Structure formats: C-alpha cells, structure tokens
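S.K.: My structure is below; once you've seen it, I'll send some questions.
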Amino acid sequence: MEFHNKTVIITGASVGIGKATAIEFAKNGANVCIVDINAEGLDTLAEEIKSIGANVSSYICDVSDENRVHEVTQEIINQYGKIDILVNNAGLWRMKKLFAETTSDDWKKIINVNILGLMYFTHKVLPGMIENSYGRIINIGSVAGVYGNANMVPYSMTKGAVSLFTKALAKEVADKGITVNNVVPGSVRNEGKDSETELCYMGRNGELEEYAYLICFLASDKAAYISGQDYQIDGCRKKN
C-alpha cells in the first residue's frame, strides 16, 4: 500500500491503535496529521514518524470541541492542500460501572467524544473530499457496539451508533469517490499484555499492528469498492 501525496488525519493518535496506524501510514509515504489531547504523547510519536522520513504535523485537540476541530482541519488544508483520509479513532471507554450508577455527566462525556467528535471531524473534511471526488473515512467502533457490554452501557450505545453512522453516510457519498467503513476491534494487546483472552477462540488479544494494517488497507485504492461495512477484527470472538 502506498500513500504518497495522500494526507491522513488520525484522531486519538498518541497511543494504542491510533499510534500504530499513524506509524503504518508514515511507513507507506503519507503526510501524517496526528491529533490528540496528550501533548507529550504527540511529541513522542512525531519524533518517531520523523525518524521514518515521513511528513508529520501534530495538533493538540479535544475532538469534542467543534471550534478547535474546525481550526485543526483548516490548518491541515492550508499546509497540505487537501485531506484524503480520516481515521476517527479518538474515543472514551474507561468507565466500567452499572448503568444505574452512572450520571448524565458520564453519558455526555462519552457521547461528546465518541459520537459528536467523530461527526465534527467528518463534517469538516467531507466538503473537500466531495470537491476532489476522493476520500476515505475509517471509523473505529468496538465489539461492545455489536454485542453490548454490561457495565459499559453508554460506551456500547455510542459504538453501536458509529456503525449506523458509517452505513448511512456511506450511502450518501458512494457516488462521489468516497468510502466509509468501520473497523470493529475486540480485545487489544497493550504494552505487551493480554487481557480477557478467554473471550475469543484464538485465545489471544489482537496486536496493534494487526488493526493498523486493516485500517490502512481500507484507506488504500485497493479497497475502492468497499464501503458501508463493519470489519470485526476480534480473534473469532465468542458470542456468549
């Protein structure tokens, strides 16, 4: 896969799937625009990407801040001329408790990032993609949005919404050279550690690079006929 002269935005890029995806795009020649609220993490990743020899720009941004999202996308367009690929990876999930114990503030935090943040970035990049008759939008969902996770009701709801957003938007832009797909991770191996391996038949977590490869494939010209799809990558997850 080659992404020379292609500009990609990756939100939630400082760690995990976002970081691995940014590195994979960099290895394949993209102009990589990394977005996160973690300034230190962005600086570390930017240095790693520079060592690969790729162009990189970093932006401190809370995706739930619509005005800041507008500023960031405009800065990227001013620098690179266009935005070809958007990876909506930023998300909140670290709130495991019974729904009855949650508050409306809890719900709003998750909805603002997982749904509105995704919509803000997509809404800002879409006009340029339509004008250029080219675009790749890859959203990052979760198996929680497929099966529903107890103690993670608000999170599960938002990731289910991401799937339907993907399918609906894909239909609107299918004749405009733009594809929209949703990568649906299961358990992810972080910092060399596995967790909840009993939830899938493979008995292990997914490597960060495995998720990154799929995202980059969906962003490539080789995936031009694929749109509106959920790609579940979960080691053959057990359904119950």
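For the structure tokens, the naming scheme is as follows: chains receive sequential letters (A, B, ...) according to their order of presentation, residues are indexed from 1 within each chain, and ligands are indexed from 1 in presentation order.
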Taking 2 positions as the minimum chain separation for residues in the same chain, which residues sit within 6 Å of Gly135 of chain A when counting only C-alpha atoms? Answer as a ChimeraX atom specification.
M.R.: /A:84-85,129,178
S.K.: Excluding Gly91 of chain A and its own-chain neighbours fewer than 5 positions away, which residues fall within 8 Å of it when counting only C-alpha atoms? Please give them as a ChimeraX atom specification.
M.R.: /A:12,110,113-114
S.K.: Those selected residues, please, written with N, CA and C atoms and delivered as a CSV table (one decimal), in the first residue's frame.
M.R.:
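selection23.csv, freshly written:
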chain,number,residue,atom,x,y,z
A,12,GLY,N,-7.0,10.7,18.2
A,12,GLY,CA,-6.6,9.8,19.3
A,12,GLY,C,-5.3,9.0,18.9
A,110,ILE,N,-19.0,10.7,27.2
A,110,ILE,CA,-18.7,9.6,26.2
A,110,ILE,C,-19.4,10.0,24.9
A,113,VAL,N,-17.4,12.7,22.9
A,113,VAL,CA,-16.2,12.3,22.2
A,113,VAL,C,-16.5,11.2,21.1
A,114,ASN,N,-17.2,10.2,21.5
A,114,ASN,CA,-17.4,9.0,20.7
A,114,ASN,C,-18.3,9.2,19.5
S.K.: Please give the complete set of residues from segment 38-204 of chain A that DSSP, run on the backbone, assigns to strand (DSSP E or B), formatted as an MDAnalysis selection string.
M.R.: chainID A and resid 56:60 85:88 135:140 178:185 188 190 193 200
S.K.: If you keep C-alpha atoms, can you produce a file of those selected residues as a compact mmCIF listing (two decimals), in the first residue's frame?
M.R.:
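Wrote it out as out.txt, contents follow:
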# COMPACT_ATOMS: atom_id res chain seq x y z
CA VAL A 56 4.17 14.74 10.16
CA SER A 57 2.16 17.50 11.79
CA SER A 58 0.72 17.29 15.29
CA TYR A 59 -2.30 19.06 16.73
CA ILE A 60 -3.48 19.25 20.32
CA ILE A 85 -8.12 10.14 4.61
CA LEU A 86 -9.74 10.50 8.02
CA VAL A 87 -9.35 7.91 10.76
CA ASN A 88 -11.84 8.63 13.55
CA GLY A 135 -11.94 10.32 0.22
CA ARG A 136 -11.51 7.52 2.71
CA ILE A 137 -13.19 7.66 6.11
CA ILE A 138 -12.44 4.88 8.57
CA ASN A 139 -14.27 4.91 11.88
CA ILE A 140 -13.21 2.84 14.87
CA ILE A 178 -15.66 8.44 -1.06
CA THR A 179 -15.76 5.27 1.00
CA VAL A 180 -16.78 5.00 4.65
CA ASN A 181 -16.05 1.91 6.73
CA ASN A 182 -15.98 0.88 10.37
CA VAL A 183 -13.23 -1.19 11.98
CA VAL A 184 -14.59 -3.07 15.00
CA PRO A 185 -11.84 -4.18 17.40
CA VAL A 188 -6.34 -5.22 22.10
CA ASN A 190 -1.41 -3.10 25.00
CA LYS A 193 -0.01 -7.53 27.95
CA CYS A 200 -12.18 -15.28 21.77
S.K.: If you count only C-alpha atoms, which residues fall within 8 Å of Gly206 of chain A, apart from same-chain ones fewer than 3 positions away, as number ranges by chain?
M.R.: A: 186-189, 210-211, 233-235
S.K.: For a quick check of understanding, using only C-alpha atoms, which of A:Ser133, A:Ser195, A:Gln229, A:Asn89 has the smallest distance to Ile17 of chain A?
M.R.: A:Asn89
S.K.: Point out the residue among A:Leu116, A:Leu164, A:Cys216, A:Met152 with the least atom-to-atom distance to Ala26 of chain A, counting only C-alpha atoms.
M.R.: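 When distances to Ala26 of chain A are compared using only C-alpha atoms, the smallest one comes from A:Cys216.
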S.K.: Run DSSP on the backbone and give me the residues of chain A it puts in helix (DSSP H, G or I), as a ChimeraX atom specification.
M.R.: /A:16-27,39-52,66-80,99-101,104-132,144-147,153-176,197-199,208-219,221-223
S.K.: Give me, as a PyMOL selection string, all polymer residues having an atom no more than 12 Å from Arg94 of chain A, counting only C-alpha atoms and skipping those fewer than 4 positions away in the same chain.
M.R.: chain A and resi 106+109-110+151-156
S.K.: Just the number, please: distance in Å from atom CA of Asn132 of chain A to atom CA of Ala219 of chain A, one decimal.
M.R.: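 Atom CA of Ala219 of chain A lies 15.7 Å from atom CA of Asn132 of chain A.
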S.K.: What's around segment 27-29 of chain A at 6 Å? Count only C-alpha atoms, leave out sequence neighbours fewer than 4 positions away in its own chain, and write the answer as a list of chain:residue names.
M.R.: A:Glu2, A:Phe3, A:His4
S.K.: Selection from above, C-alpha atoms, as a short mmCIF file (atom, residue, chain, number, x, y, z; two decimals), in the first residue's frame, can you write it?
M.R.:
data_model
loop_
_atom_site.label_atom_id
_atom_site.label_comp_id
_atom_site.auth_asym_id
_atom_site.auth_seq_id
_atom_site.Cartn_x
_atom_site.Cartn_y
_atom_site.Cartn_z
CA GLU A 2 1.33 3.41 -0.95
CA PHE A 3 0.03 6.75 0.24
CA HIS A 4 2.42 9.17 -1.45
#
S.K.: For atom CA of Asp221 of chain A and atom CA of Gly18 of chain A, quote the distance in Å rounded to one decimal.
M.R.: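 Distance reported for this atom pair: 20.6 Å.
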